[in-house]
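Next up, coords13.txt (compact mmCIF, C-alpha atoms):
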```txt
# COMPACT_ATOMS: atom_id res chain seq x y z
CA MET C 1 -44.48 46.31 -54.60
CA ASN C 2 -46.46 48.86 -56.60
CA ILE C 3 -45.97 47.67 -60.20
CA GLY C 4 -47.57 49.35 -63.19
CA ILE C 5 -48.28 46.87 -66.01
CA THR C 6 -47.98 48.70 -69.31
CA ILE C 7 -48.80 47.80 -72.94
CA PHE C 8 -47.88 49.84 -76.01
CA ALA C 9 -49.87 49.48 -79.21
CA TYR C 10 -50.54 51.15 -82.53
CA ASN C 11 -52.43 49.35 -85.28
CA ARG C 12 -52.01 45.58 -84.92
CA SER C 13 -55.33 44.48 -83.46
CA LYS C 14 -54.82 40.73 -83.82
CA HIS C 15 -51.35 40.86 -82.31
CA LEU C 16 -52.59 42.97 -79.40
CA GLN C 17 -55.48 40.59 -78.76
CA ARG C 18 -53.04 37.68 -78.41
CA VAL C 19 -50.92 39.71 -75.98
CA LEU C 20 -53.99 40.50 -73.90
CA ASP C 21 -55.16 36.88 -73.99
CA GLY C 22 -51.73 35.79 -72.74
CA LEU C 23 -51.65 38.41 -70.00
CA ARG C 24 -55.14 37.43 -68.83
CA LYS C 25 -53.80 33.94 -68.02
CA ASN C 26 -51.36 35.47 -65.54
CA GLU C 27 -52.46 35.63 -61.91
CA GLY C 28 -52.83 38.92 -60.07
CA VAL C 29 -53.33 41.25 -63.06
CA SER C 30 -56.05 43.63 -61.92
CA LYS C 31 -55.03 46.84 -63.69
CA ILE C 32 -53.15 47.67 -66.88
CA TYR C 33 -52.11 50.81 -68.72
CA VAL C 34 -52.51 50.74 -72.50
CA PHE C 35 -50.91 53.44 -74.65
CA GLN C 36 -51.97 53.69 -78.28
CA ASP C 37 -49.88 55.95 -80.48
CA GLY C 38 -51.69 58.45 -82.67
CA LEU C 39 -52.53 57.77 -86.32
CA LYS C 40 -49.51 58.17 -88.56
CA ARG C 41 -51.06 57.66 -91.99
CA GLU C 42 -54.63 57.60 -93.21
CA GLU C 43 -54.17 54.15 -94.75
CA HIS C 44 -53.57 52.83 -91.22
CA ARG C 45 -56.91 54.10 -89.94
CA GLN C 46 -59.00 50.95 -90.30
CA GLU C 47 -56.60 48.74 -88.37
CA TRP C 48 -55.87 51.56 -85.92
CA GLU C 49 -59.59 51.82 -85.13
CA LYS C 50 -59.81 48.02 -84.71
CA THR C 51 -56.93 48.19 -82.24
CA LYS C 52 -58.74 50.91 -80.32
CA GLN C 53 -61.83 48.69 -80.21
CA VAL C 54 -59.81 45.75 -78.83
CA ILE C 55 -58.59 47.99 -76.00
CA GLN C 56 -62.07 49.31 -75.22
CA ASN C 57 -63.43 45.75 -75.12
CA ILE C 58 -61.15 44.71 -72.23
CA LYS C 59 -63.51 43.74 -69.39
CA TRP C 60 -61.42 41.39 -67.26
CA CYS C 61 -59.37 44.07 -65.50
CA GLU C 62 -59.23 47.81 -64.92
CA VAL C 63 -57.81 49.66 -67.93
CA VAL C 64 -56.18 53.07 -68.07
CA TYR C 65 -56.31 53.88 -71.78
CA LYS C 66 -54.09 56.65 -73.13
CA GLN C 67 -54.46 57.49 -76.81
CA SER C 68 -52.07 60.04 -78.26
CA SER C 69 -53.57 62.89 -80.25
CA TYR C 70 -50.67 62.67 -82.71
CA ASN C 71 -48.14 60.06 -83.80
CA LYS C 72 -45.18 60.21 -81.43
CA GLY C 73 -43.27 57.31 -82.92
CA LEU C 74 -42.04 54.26 -81.03
CA ALA C 75 -39.30 55.81 -78.91
CA THR C 76 -41.16 58.89 -77.69
CA SER C 77 -44.34 56.90 -77.13
CA ILE C 78 -42.60 54.38 -74.88
CA ILE C 79 -40.47 56.91 -72.99
CA SER C 80 -43.39 59.24 -72.29
CA GLY C 81 -45.71 56.35 -71.40
CA ILE C 82 -43.29 54.86 -68.88
CA ASN C 83 -42.86 58.28 -67.29
CA VAL C 84 -46.66 58.54 -66.92
CA VAL C 85 -46.82 55.16 -65.16
CA PHE C 86 -43.94 56.06 -62.85
CA ALA C 87 -45.95 59.02 -61.57
CA ASP C 88 -48.01 56.49 -59.58
CA HIS C 89 -45.78 53.39 -59.36
CA ASN C 90 -42.24 52.58 -58.26
CA ALA C 91 -41.76 49.72 -60.76
CA VAL C 92 -42.99 49.04 -64.27
CA VAL C 93 -43.55 46.00 -66.49
CA VAL C 94 -43.60 46.72 -70.20
CA LEU C 95 -45.11 44.77 -73.09
CA GLU C 96 -45.41 45.80 -76.70
CA ASP C 97 -48.23 44.62 -78.93
CA ASP C 98 -46.24 41.68 -80.33
CA CYS C 99 -44.96 40.23 -77.04
CA VAL C 100 -47.26 37.38 -75.98
CA PRO C 101 -46.58 36.53 -72.30
CA HIS C 102 -46.34 33.05 -70.81
CA PRO C 103 -48.78 32.29 -67.94
CA GLN C 104 -45.85 32.68 -65.51
CA PHE C 105 -44.65 35.97 -66.98
CA MET C 106 -45.94 38.11 -64.12
CA GLU C 107 -44.79 35.60 -61.49
CA TYR C 108 -41.26 35.94 -62.85
CA MET C 109 -41.40 39.72 -63.28
CA THR C 110 -42.87 40.34 -59.82
CA LYS C 111 -40.39 38.01 -58.10
CA ALA C 112 -37.43 39.61 -59.87
CA LEU C 113 -38.56 43.19 -59.22
CA GLU C 114 -39.10 42.42 -55.54
CA LYS C 115 -35.95 40.30 -55.06
CA TYR C 116 -33.53 42.79 -56.64
CA GLU C 117 -35.19 46.08 -55.69
CA ALA C 118 -32.55 46.83 -53.06
CA TYR C 119 -29.65 45.83 -55.33
CA LYS C 120 -29.09 49.08 -57.16
CA GLU C 121 -26.58 47.51 -59.56
CA VAL C 122 -29.46 45.55 -61.13
CA TYR C 123 -31.12 47.76 -63.71
CA HIS C 124 -33.27 45.63 -65.97
CA ILE C 125 -35.46 42.51 -65.82
CA SER C 126 -35.82 40.74 -69.17
CA ALA C 127 -38.49 38.11 -69.74
CA THR C 128 -37.06 37.03 -73.10
CA SER C 129 -34.26 34.50 -73.35
CA GLU C 130 -31.19 35.17 -75.46
CA PRO C 131 -30.53 32.84 -78.42
CA VAL C 132 -27.12 31.73 -77.12
CA ASP C 133 -25.85 28.71 -75.19
CA VAL C 134 -25.43 29.84 -71.59
CA VAL C 135 -24.00 27.73 -68.76
CA ALA C 136 -26.71 26.50 -66.39
CA ASN C 137 -26.55 27.93 -62.86
CA GLY C 138 -29.22 25.83 -61.16
CA THR C 139 -31.95 28.49 -61.41
CA ASP C 140 -34.33 29.70 -64.09
CA ALA C 141 -32.42 32.89 -64.90
CA TYR C 142 -28.93 34.39 -65.10
CA PHE C 143 -27.24 37.78 -65.04
CA LEU C 144 -25.78 39.47 -68.10
CA GLY C 145 -24.85 42.99 -69.14
CA ARG C 146 -27.41 43.72 -71.85
CA ILE C 147 -31.08 44.59 -71.79
CA ASN C 148 -33.74 42.88 -73.89
CA SER C 149 -36.74 45.04 -74.71
CA CYS C 150 -39.24 42.25 -75.50
CA GLY C 151 -41.15 42.01 -72.23
CA TRP C 152 -39.20 43.74 -69.49
CA GLY C 153 -39.30 45.69 -66.28
CA THR C 154 -37.35 48.14 -64.14
CA TRP C 155 -37.66 50.45 -61.15
CA LYS C 156 -38.31 54.18 -61.04
CA ASP C 157 -34.98 54.99 -59.39
CA ARG C 158 -33.13 53.19 -62.21
CA TRP C 159 -35.23 54.61 -65.02
CA VAL C 160 -34.59 58.21 -63.93
CA GLN C 161 -30.99 57.60 -64.97
CA PHE C 162 -32.11 56.89 -68.56
CA SER C 163 -30.69 59.35 -71.05
CA ARG C 164 -31.28 59.69 -74.77
CA ASP C 165 -27.92 61.41 -74.98
CA TYR C 166 -25.98 60.91 -78.22
CA LYS C 167 -22.71 61.97 -76.57
CA MET C 168 -22.98 59.02 -74.19
CA LEU C 169 -21.62 56.70 -76.89
CA GLY C 170 -18.39 58.70 -77.07
CA ARG C 171 -18.01 58.75 -73.29
CA VAL C 172 -18.40 54.99 -73.10
CA LYS C 173 -15.98 54.25 -75.94
CA THR C 174 -13.25 56.52 -74.57
CA ASP C 175 -13.30 54.95 -71.09
CA ALA C 176 -11.22 51.73 -71.06
CA ALA C 177 -13.37 49.83 -68.54
CA LEU C 178 -16.66 50.90 -70.10
CA ASN C 179 -15.40 50.22 -73.61
CA GLU C 180 -14.57 46.66 -72.57
CA ARG C 181 -18.18 46.18 -71.49
CA PHE C 182 -19.42 47.92 -74.62
CA ASN C 183 -17.38 45.62 -76.87
CA LEU C 184 -19.08 42.58 -75.35
CA TRP C 185 -22.59 43.80 -74.58
CA GLY C 186 -23.24 46.63 -76.99
CA GLN C 187 -21.23 46.95 -80.21
CA ASP C 188 -24.42 46.70 -82.27
CA LEU C 189 -25.88 49.68 -80.38
CA GLU C 190 -23.70 52.04 -82.39
CA ALA C 191 -25.57 51.12 -85.59
CA HIS C 192 -28.94 51.79 -83.93
CA ILE C 193 -27.83 55.12 -82.49
CA LEU C 194 -26.34 56.22 -85.81
CA GLY C 195 -29.62 55.19 -87.44
CA ASP C 196 -31.46 57.36 -84.93
CA ILE C 197 -29.28 60.30 -85.96
CA TYR C 198 -29.85 59.65 -89.66
CA GLY C 199 -33.58 59.09 -89.18
CA THR C 200 -33.56 55.45 -90.31
CA THR C 201 -34.40 54.08 -86.84
CA ASP C 202 -36.44 55.32 -83.90
CA THR C 203 -34.85 53.80 -80.82
CA TRP C 204 -35.22 54.17 -77.09
CA ALA C 205 -33.86 50.69 -76.30
CA ALA C 206 -30.35 51.40 -77.62
CA PHE C 207 -30.05 54.37 -75.27
CA TRP C 208 -31.40 52.37 -72.32
CA ALA C 209 -28.91 49.58 -73.09
CA LEU C 210 -26.09 52.11 -73.32
CA THR C 211 -27.19 53.74 -70.06
CA VAL C 212 -26.99 50.37 -68.30
CA ILE C 213 -23.53 49.71 -69.76
CA MET C 214 -22.33 53.15 -68.68
CA LYS C 215 -23.63 52.52 -65.14
CA LYS C 216 -21.90 49.09 -65.12
CA GLY C 217 -25.31 47.61 -64.45
CA TYR C 218 -26.62 44.07 -64.43
CA CYS C 219 -29.62 42.67 -66.25
CA ILE C 220 -31.33 39.32 -65.70
CA SER C 221 -32.73 37.02 -68.35
CA PRO C 222 -34.53 33.65 -68.20
CA TYR C 223 -33.01 30.51 -69.73
CA GLU C 224 -36.39 29.80 -71.31
CA SER C 225 -38.27 32.72 -72.82
CA LEU C 226 -41.45 33.84 -71.12
CA ILE C 227 -42.30 35.93 -74.17
CA ASP C 228 -43.33 34.68 -77.60
CA ASN C 229 -42.47 37.50 -79.98
CA ILE C 230 -44.99 37.28 -82.83
CA GLY C 231 -43.89 40.52 -84.50
CA PHE C 232 -41.34 39.05 -86.91
CA ASP C 233 -43.99 38.65 -89.59
CA GLY C 234 -43.51 41.96 -91.39
CA SER C 235 -46.47 43.61 -89.64
CA GLY C 236 -44.38 45.99 -87.54
CA VAL C 237 -42.22 48.97 -88.42
CA HIS C 238 -39.05 47.84 -86.64
CA CYS C 239 -38.94 44.00 -86.74
CA GLY C 240 -39.07 42.91 -90.38
CA VAL C 241 -39.50 39.24 -91.27
CA SER C 242 -37.43 36.50 -89.67
CA GLU C 243 -37.67 33.23 -87.79
CA ASN C 244 -38.14 33.35 -84.03
CA LYS C 245 -35.35 31.10 -82.72
CA LEU C 246 -35.93 31.64 -79.00
CA LYS C 247 -36.26 28.70 -76.64
CA LEU C 248 -39.76 29.18 -75.26
CA ARG C 249 -40.88 27.92 -71.86
CA ALA C 250 -43.60 25.33 -72.43
CA ILE C 251 -47.08 26.62 -71.63
CA GLU C 252 -47.82 23.52 -69.56
CA LYS C 253 -44.65 24.04 -67.51
CA GLN C 254 -45.88 25.65 -64.30
CA THR C 255 -43.09 24.94 -61.81
CA GLU C 256 -42.06 27.72 -59.45
CA MET C 257 -39.64 30.25 -60.94
CA ILE C 258 -36.28 30.20 -59.12
CA LEU C 259 -33.98 33.22 -59.36
CA PRO C 260 -30.24 33.44 -58.56
CA ASP C 261 -29.17 34.87 -55.21
CA LYS C 262 -25.71 36.05 -56.22
CA ILE C 263 -25.47 39.01 -58.57
CA GLU C 264 -22.68 38.11 -60.97
CA PHE C 265 -22.37 37.45 -64.66
CA VAL C 266 -23.08 33.88 -65.67
CA LYS C 267 -20.08 31.53 -65.96
CA ASP C 268 -18.18 31.72 -69.29
CA TYR C 269 -20.25 34.75 -70.31
CA ARG C 270 -17.47 36.14 -72.51
CA LYS C 271 -17.43 33.02 -74.63
CA SER C 272 -21.22 32.72 -74.73
CA PHE C 273 -21.78 36.33 -75.83
CA ALA C 274 -18.61 36.87 -77.88
CA ILE C 275 -20.52 37.25 -81.17
CA HIS C 276 -24.10 37.77 -80.04
CA HIS C 277 -24.00 41.57 -80.34
CA LEU C 278 -21.64 41.51 -83.30
CA TRP C 279 -21.19 44.73 -85.25
CA THR C 280 -18.24 46.45 -86.83
CA ASN C 281 -18.20 50.02 -88.02
CA PRO C 282 -18.33 49.77 -91.83
CA ALA C 283 -15.56 52.36 -92.11
CA VAL C 284 -13.24 50.17 -89.99
CA ARG C 285 -14.14 47.05 -91.94
CA ASP C 286 -13.77 48.71 -95.34
CA LYS C 287 -10.39 50.21 -94.43
CA TYR C 288 -9.16 46.82 -93.28
CA TYR C 289 -10.18 45.06 -96.49
CA LYS C 290 -8.82 47.89 -98.63
CA ASN C 291 -5.39 47.56 -97.00
CA VAL C 292 -5.52 43.76 -97.35
CA ALA C 293 -6.38 44.07 -101.03
CA ILE C 294 -3.50 46.51 -101.65
CA ASP C 295 -1.03 44.21 -99.91
CA MET C 296 -2.31 41.21 -101.85
CA LEU C 297 -1.71 43.11 -105.09
CA GLU C 298 1.83 43.77 -103.90
CA LEU C 299 2.36 40.05 -103.39
CA GLN C 300 0.94 39.32 -106.82
CA TYR C 301 3.22 41.95 -108.38
CA ARG C 302 6.23 40.29 -106.75
CA ASN C 303 5.00 36.84 -107.79
CA ILE C 304 4.92 35.65 -104.18
CA LYS C 305 2.26 33.19 -103.06
CA ILE C 306 0.82 33.15 -99.56
CA ALA C 307 1.19 29.39 -99.72
CA HIS C 308 4.99 29.86 -99.55
CA ILE C 309 4.87 31.51 -96.13
CA ILE C 310 2.34 28.93 -94.87
CA LYS C 311 4.76 26.14 -95.77
CA ALA C 312 7.64 28.07 -94.24
CA MET C 313 5.66 28.12 -90.99
CA GLY C 314 5.49 24.33 -91.13
CA SER C 315 1.72 24.28 -91.70
CA THR C 316 0.11 21.74 -94.00
CA ASP C 317 -3.47 21.27 -92.77
CA ILE C 318 -5.33 24.59 -92.51
CA CYS C 319 -8.75 26.21 -92.31
CA ILE C 320 -9.85 29.59 -93.61
CA TRP C 321 -12.22 31.65 -91.43
CA GLY C 322 -14.67 33.49 -93.68
CA LYS C 323 -15.73 32.97 -97.28
CA GLY C 324 -16.11 35.40 -100.17
CA ARG C 325 -13.86 36.89 -102.83
CA ILE C 326 -10.74 37.05 -100.66
CA CYS C 327 -11.32 33.44 -99.63
CA ASP C 328 -11.56 32.56 -103.33
CA TYR C 329 -8.16 34.15 -103.91
CA LEU C 330 -6.62 32.23 -101.03
CA ILE C 331 -8.04 28.94 -102.31
CA ARG C 332 -6.50 29.57 -105.74
CA ASP C 333 -3.20 30.55 -104.12
CA LEU C 334 -2.75 27.33 -102.13
CA ASP C 335 -0.31 24.68 -103.34
CA GLU C 336 -1.17 21.01 -103.54
CA GLU C 337 1.01 20.43 -100.50
CA ILE C 338 -1.37 22.48 -98.35
CA ASN C 339 -4.58 20.73 -97.36
CA LEU C 340 -7.50 23.15 -96.91
CA ARG C 341 -9.70 21.11 -94.60
CA ALA C 342 -12.63 23.50 -94.16
CA ILE C 343 -14.06 27.00 -94.38
CA VAL C 344 -15.11 28.30 -90.96
CA GLU C 345 -18.10 30.59 -90.47
CA THR C 346 -19.71 31.90 -87.32
CA THR C 347 -23.20 31.05 -88.58
CA PRO C 348 -22.91 28.94 -91.75
CA ASN C 349 -25.74 29.13 -94.25
CA THR C 350 -24.37 26.30 -96.42
CA THR C 351 -22.49 23.04 -95.86
CA MET C 352 -20.12 23.29 -98.85
CA TYR C 353 -18.22 26.08 -100.57
CA GLN C 354 -16.29 25.34 -103.76
CA ASP C 355 -16.36 21.65 -102.81
CA ILE C 356 -14.84 22.47 -99.40
CA PRO C 357 -16.80 21.70 -96.19
CA VAL C 358 -18.17 24.72 -94.32
CA ILE C 359 -18.13 24.28 -90.54
CA GLN C 360 -18.90 26.21 -87.36
CA TYR C 361 -16.05 27.33 -85.16
CA GLU C 362 -16.94 24.66 -82.58
CA ASP C 363 -16.12 22.00 -85.17
CA ILE C 364 -12.57 23.12 -86.05
CA PRO C 365 -10.45 19.94 -85.81
CA GLN C 366 -7.87 19.95 -83.03
CA ASP C 367 -5.15 18.72 -85.38
CA ILE C 368 -5.43 21.78 -87.64
CA SER C 369 -2.06 23.54 -87.72
CA LEU C 370 -3.29 26.98 -88.80
CA VAL C 371 -6.53 28.95 -89.15
CA ILE C 372 -6.25 31.97 -91.47
CA VAL C 373 -8.75 34.58 -90.25
CA ILE C 374 -9.94 36.80 -93.11
CA PRO C 375 -11.90 39.26 -90.86
CA GLY C 376 -8.80 40.13 -88.84
CA TYR C 377 -10.48 43.20 -87.37
CA ASP C 378 -12.58 40.73 -85.34
CA LEU C 379 -9.65 38.70 -84.01
CA VAL C 380 -10.19 39.46 -80.31
CA ARG C 381 -13.85 38.53 -80.53
CA ILE C 382 -13.01 35.34 -82.38
CA GLN C 383 -10.40 34.45 -79.77
CA ASN C 384 -13.06 34.85 -77.07
CA MET C 385 -15.25 32.32 -78.88
CA ILE C 386 -12.86 29.43 -79.37
CA SER C 387 -11.00 27.07 -77.08
CA GLU C 388 -7.59 27.92 -75.64
CA GLU C 389 -6.01 25.13 -77.69
CA LEU C 390 -6.99 26.81 -80.95
CA LYS C 391 -6.05 30.39 -80.08
CA CYS C 392 -2.36 29.82 -80.85
CA LYS C 393 -3.28 28.57 -84.31
CA LEU C 394 -5.15 31.70 -85.39
CA ILE C 395 -3.44 34.21 -87.65
CA PRO C 396 -5.29 37.13 -89.24
CA LEU C 397 -4.82 37.47 -92.98
CA ASP C 398 -3.23 40.92 -92.73
CA LYS C 399 -0.54 39.56 -90.39
CA LEU C 400 0.13 36.65 -92.72
CA ILE C 401 0.55 39.01 -95.66
CA CYS C 402 2.78 41.23 -93.55
CA ALA C 403 4.98 38.17 -92.83
CA CYS C 404 5.21 37.53 -96.59
CA LEU C 405 6.22 41.12 -97.33
CA THR C 406 8.73 41.11 -94.46
CA ASN C 407 10.36 37.99 -95.86
CA ILE C 408 10.56 39.68 -99.25
CA SER C 409 12.29 42.71 -97.73
CA LYS C 410 14.78 40.51 -95.89
CA GLY C 411 15.43 38.54 -99.01
```
What do you get writing this file as structure tokens?
Amino acid sequence: MNIGITIFAYNRSKHLQRVLDGLRKNEGVSKIYVFQDGLKREEHRQEWEKTKQVIQNIKWCEVVYKQSSYNKGLATSIISGINVVFADHNAVVVLEDDCVPHPQFMEYMTKALEKYEAYKEVYHISATSEPVDVVANGTDAYFLGRINSCGWGTWKDRWVQFSRDYKMLGRVKTDAALNERFNLWGQDLEAHILGDIYGTTDTWAAFWALTVIMKKGYCISPYESLIDNIGFDGSGVHCGVSENKLKLRAIEKQTEMILPDKIEFVKDYRKSFAIHHLWTNPAVRDKYYKNVAIDMLELQYRNIKIAHIIKAMGSTDICIWGKGRICDYLIRDLDEEINLRAIVETTPNTTMYQDIPVIQYEDIPQDISLVIVIPGYDLVRIQNMISEELKCKLIPLDKLICACLTNISKG
């Protein structure tokens, strides 16, 4: 297969050198394309020139160096660069200047591009693992419905379907089948695309991810990451500062990469990815909480406590899903007869809240009679996360308040 290996850089010379050092350890790399975006600001010049020097000092393989005469920005730079490579190649492997490849990176990428070339429903090869617990399938990789842009590859005939079309989001969300995929694999894309419109982000990846969702495509990702992303140190424009929580494949691990034969989503994928791409439109969230707050004021005006309806339901041991000001109100509203066992959070950042244990959803006790879900707008996603035994015990806060107000009306 004729694969073009491509690296995109700007002004991070030390990061780029580590990427190149990692790629050099991969077998069969004889030619690379390196695209350096043009200078954006004069204060970047010194590091930009150092980056240029790193590229010009590459002696271990053939280098096609393309330096832009002006600053294109991330999205345009990557899109235009990939199109250049596809003029001479039918597949591409893409690295950015913060994606350090494992010594088996190219073995994995080449095997995947060759194995799935004829399977047109496969659109994207990711070399980065996803930070979720995924059921093992006996191979080194699994299929999912979302791209990962940190070390990846695709084919020319798939990439020509790429569209940076803002109307695509509306088409996906108004089609029932596509919207179902979008809700699992791409809710967070809306924020990136809106940011692109407002000028706060510069994304190509969100549009590529949305294209794959719209085409009902498959992506493949390794269980252990073959990319060490070193860009979460504040040095880049788009990454910020955070901890890299990916499970990296050990450098000394050199066993043959095995890929799945059957193209299907990994087992229990809905549960595994239920919250991974979590995002809710702020307008939807704000409207929900506004209505909840108004209804809670109505209860207070009528001197009715939510605890009354909980007891009427026969519940004594409960949990509350979500902390914050509304949770504080609920805690104050509970009677002594109701035992609040824990506060549930998707990703807890503390172990106690107002002397109440904070737990993950996996740790909800089976004997809990009721879980009051404060973020009721996320109920379906929450139901996808938890066990079947607990689903019948969930009640969103707005429904609980509605039950209180209905009882008042009947009374």
Handout entry: Length of the atom CA of C:Glu114 to atom CA of C:Thr211 vector [Å]
Key =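 Pair atom CA of C:Glu114 / atom CA of C:Thr211 returns 21.9 Å.
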Exercise for the section: Choose the residue, out of C:Ala274, C:Pro282, C:Lys59, C:Ile310, that has the smallest atom-to-atom separation from C:Asn384; count all atoms listed in the file. Expected result: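 For C:Asn384, the nearest of the candidates is C:Ala274.
Of note, atom CA of C:Glu107 and atom CA of C:Glu256 are spaced 8.6 Å apart.
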Exercise for the section: In Å, rounded to a single decimal, give me how far atom CA of C:Trp204 is from atom CA of C:Thr280. Expected result: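 Atom-to-atom, atom CA of C:Thr280 and atom CA of C:Trp204 are spaced 21.0 Å apart.
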Practice task
Could you give me, as a list in words, the residues within 10 Å of C:Lys111, counting only C-alpha atoms and dropping anything in the same chain fewer than 4 positions from it?
Solution key: Met1, Met106, Glu107, Lys115, Tyr116, Glu117, Met257, Ile258 and Leu259 of chain C
Could you produce a table of the residues of stretch 65-150 of chain C lying within 6 Å of stretch 8-23 of chain C, with the nearest pair of atoms per residue and their separation in Å rounded to one decimal, using all atoms listed in the file, ordered by chain and increasing residue number, as a Markdown table?
```
| residue | atom | partner | partner_atom | distance |
| --- | --- | --- | --- | --- |
| C:Glu96 | CA | C:Phe8 | CA | 4.8 |
| C:Asp97 | CA | C:Leu16 | CA | 4.7 |
| C:Asp98 | CA | C:His15 | CA | 5.5 |
| C:Val100 | CA | C:Val19 | CA | 4.3 |
| C:Pro101 | CA | C:Gly22 | CA | 5.2 |
```
Handout entry: Sel. within 12 Å of pt (-15.3, 35.9, -88.7), counting only C-alpha atoms, output as a PyMOL selection string
Key = chain C and resi 274-275+278-280+285+320-324+327+343-348+360-361+371-386+394+396-397
Selection to disk with C-alpha atoms, as an mmCIF file, keeping the file's coordinate frame:
```
data_model
loop_
_atom_site.group_PDB
_atom_site.id
_atom_site.type_symbol
_atom_site.label_atom_id
_atom_site.label_comp_id
_atom_site.auth_asym_id
_atom_site.auth_seq_id
_atom_site.Cartn_x
_atom_site.Cartn_y
_atom_site.Cartn_z
ATOM 1 C CA ALA C 274 -18.610 36.870 -77.880
ATOM 2 C CA ILE C 275 -20.520 37.250 -81.170
ATOM 3 C CA LEU C 278 -21.640 41.510 -83.300
ATOM 4 C CA TRP C 279 -21.190 44.730 -85.250
ATOM 5 C CA THR C 280 -18.240 46.450 -86.830
ATOM 6 C CA ARG C 285 -14.140 47.050 -91.940
ATOM 7 C CA ILE C 320 -9.850 29.590 -93.610
ATOM 8 C CA TRP C 321 -12.220 31.650 -91.430
ATOM 9 C CA GLY C 322 -14.670 33.490 -93.680
ATOM 10 C CA LYS C 323 -15.730 32.970 -97.280
ATOM 11 C CA GLY C 324 -16.110 35.400 -100.170
ATOM 12 C CA CYS C 327 -11.320 33.440 -99.630
ATOM 13 C CA ILE C 343 -14.060 27.000 -94.380
ATOM 14 C CA VAL C 344 -15.110 28.300 -90.960
ATOM 15 C CA GLU C 345 -18.100 30.590 -90.470
ATOM 16 C CA THR C 346 -19.710 31.900 -87.320
ATOM 17 C CA THR C 347 -23.200 31.050 -88.580
ATOM 18 C CA PRO C 348 -22.910 28.940 -91.750
ATOM 19 C CA GLN C 360 -18.900 26.210 -87.360
ATOM 20 C CA TYR C 361 -16.050 27.330 -85.160
ATOM 21 C CA VAL C 371 -6.530 28.950 -89.150
ATOM 22 C CA ILE C 372 -6.250 31.970 -91.470
ATOM 23 C CA VAL C 373 -8.750 34.580 -90.250
ATOM 24 C CA ILE C 374 -9.940 36.800 -93.110
ATOM 25 C CA PRO C 375 -11.900 39.260 -90.860
ATOM 26 C CA GLY C 376 -8.800 40.130 -88.840
ATOM 27 C CA TYR C 377 -10.480 43.200 -87.370
ATOM 28 C CA ASP C 378 -12.580 40.730 -85.340
ATOM 29 C CA LEU C 379 -9.650 38.700 -84.010
ATOM 30 C CA VAL C 380 -10.190 39.460 -80.310
ATOM 31 C CA ARG C 381 -13.850 38.530 -80.530
ATOM 32 C CA ILE C 382 -13.010 35.340 -82.380
ATOM 33 C CA GLN C 383 -10.400 34.450 -79.770
ATOM 34 C CA ASN C 384 -13.060 34.850 -77.070
ATOM 35 C CA MET C 385 -15.250 32.320 -78.880
ATOM 36 C CA ILE C 386 -12.860 29.430 -79.370
ATOM 37 C CA LEU C 394 -5.150 31.700 -85.390
ATOM 38 C CA PRO C 396 -5.290 37.130 -89.240
ATOM 39 C CA LEU C 397 -4.820 37.470 -92.980
#
```
Completion exercise
C:Gly145 proximity check over C:Leu390, C:Val266, C:Ile401, C:Cys99, using all atoms listed in the file: winner is C:Val266
Handout entry: Proximity to C:Lys215 - best of C:His308, C:Arg249, C:Lys120, C:Arg270, all atoms listed in the file
Key = C:Lys120
Handout entry: Nearest candidate to C:Trp208 (options C:Lys305, C:Lys72, C:Lys173, C:His192; using only C-alpha atoms)
Key =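 Nearest candidate to C:Trp208 out of C:Lys305, C:Lys72, C:Lys173, C:His192: C:His192.
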Practice task
For C:Pro260, list every protein, DNA or RNA residue within 9 Å, evaluated using all atoms listed in the file, and leave out those in the same chain fewer than 2 positions away; present the list as a list in words.
Solution key: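 In the requested form, the answer reads Asn137, Gly138, Thr139, Asp140, Ala141, Tyr142, Phe143, Ile258, Lys262 and Ile263 of chain C.
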Exercise for the section: Using only C-alpha atoms, pick whichever of C:Gln300, C:Leu210, C:Cys150, C:Val134 has the shortest atom-to-atom distance to C:Leu169. Expected result: C:Leu210
Using only C-alpha atoms, which residues sit within 9 Å of C:Ser221 once same-chain residues fewer than 5 positions away are excluded, as a PDB file with C-alpha atoms, in the coordinates of the input?
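Result file follows (part.pdb):
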```
ATOM      1  CA  HIS C 124     -33.270  45.630 -65.970  1.00  0.00           C
ATOM      2  CA  ILE C 125     -35.460  42.510 -65.820  1.00  0.00           C
ATOM      3  CA  SER C 126     -35.820  40.740 -69.170  1.00  0.00           C
ATOM      4  CA  ALA C 127     -38.490  38.110 -69.740  1.00  0.00           C
ATOM      5  CA  THR C 128     -37.060  37.030 -73.100  1.00  0.00           C
ATOM      6  CA  SER C 129     -34.260  34.500 -73.350  1.00  0.00           C
ATOM      7  CA  GLU C 130     -31.190  35.170 -75.460  1.00  0.00           C
ATOM      8  CA  ASP C 140     -34.330  29.700 -64.090  1.00  0.00           C
ATOM      9  CA  ALA C 141     -32.420  32.890 -64.900  1.00  0.00           C
ATOM     10  CA  TYR C 142     -28.930  34.390 -65.100  1.00  0.00           C
ATOM     11  CA  PHE C 143     -27.240  37.780 -65.040  1.00  0.00           C
ATOM     12  CA  LEU C 144     -25.780  39.470 -68.100  1.00  0.00           C
ATOM     13  CA  ILE C 147     -31.080  44.590 -71.790  1.00  0.00           C
ATOM     14  CA  ASN C 148     -33.740  42.880 -73.890  1.00  0.00           C
TER      15      ASN C 148
END
```
Handout entry: Within 7 Å of file point (-45.4, 29.0, -72.8), counting only C-alpha atoms, expressed as an MDAnalysis selection string
Key = chainID C and resid 102:103 226 248:252
Expected file contents, prior selection, C-alpha atoms, as a compact mmCIF listing (two decimals), in the frame of the given file:
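Saved the output as out.txt:
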```txt
# COMPACT_ATOMS: atom_id res chain seq x y z
CA HIS C 102 -46.34 33.05 -70.81
CA PRO C 103 -48.78 32.29 -67.94
CA LEU C 226 -41.45 33.84 -71.12
CA LEU C 248 -39.76 29.18 -75.26
CA ARG C 249 -40.88 27.92 -71.86
CA ALA C 250 -43.60 25.33 -72.43
CA ILE C 251 -47.08 26.62 -71.63
CA GLU C 252 -47.82 23.52 -69.56
```
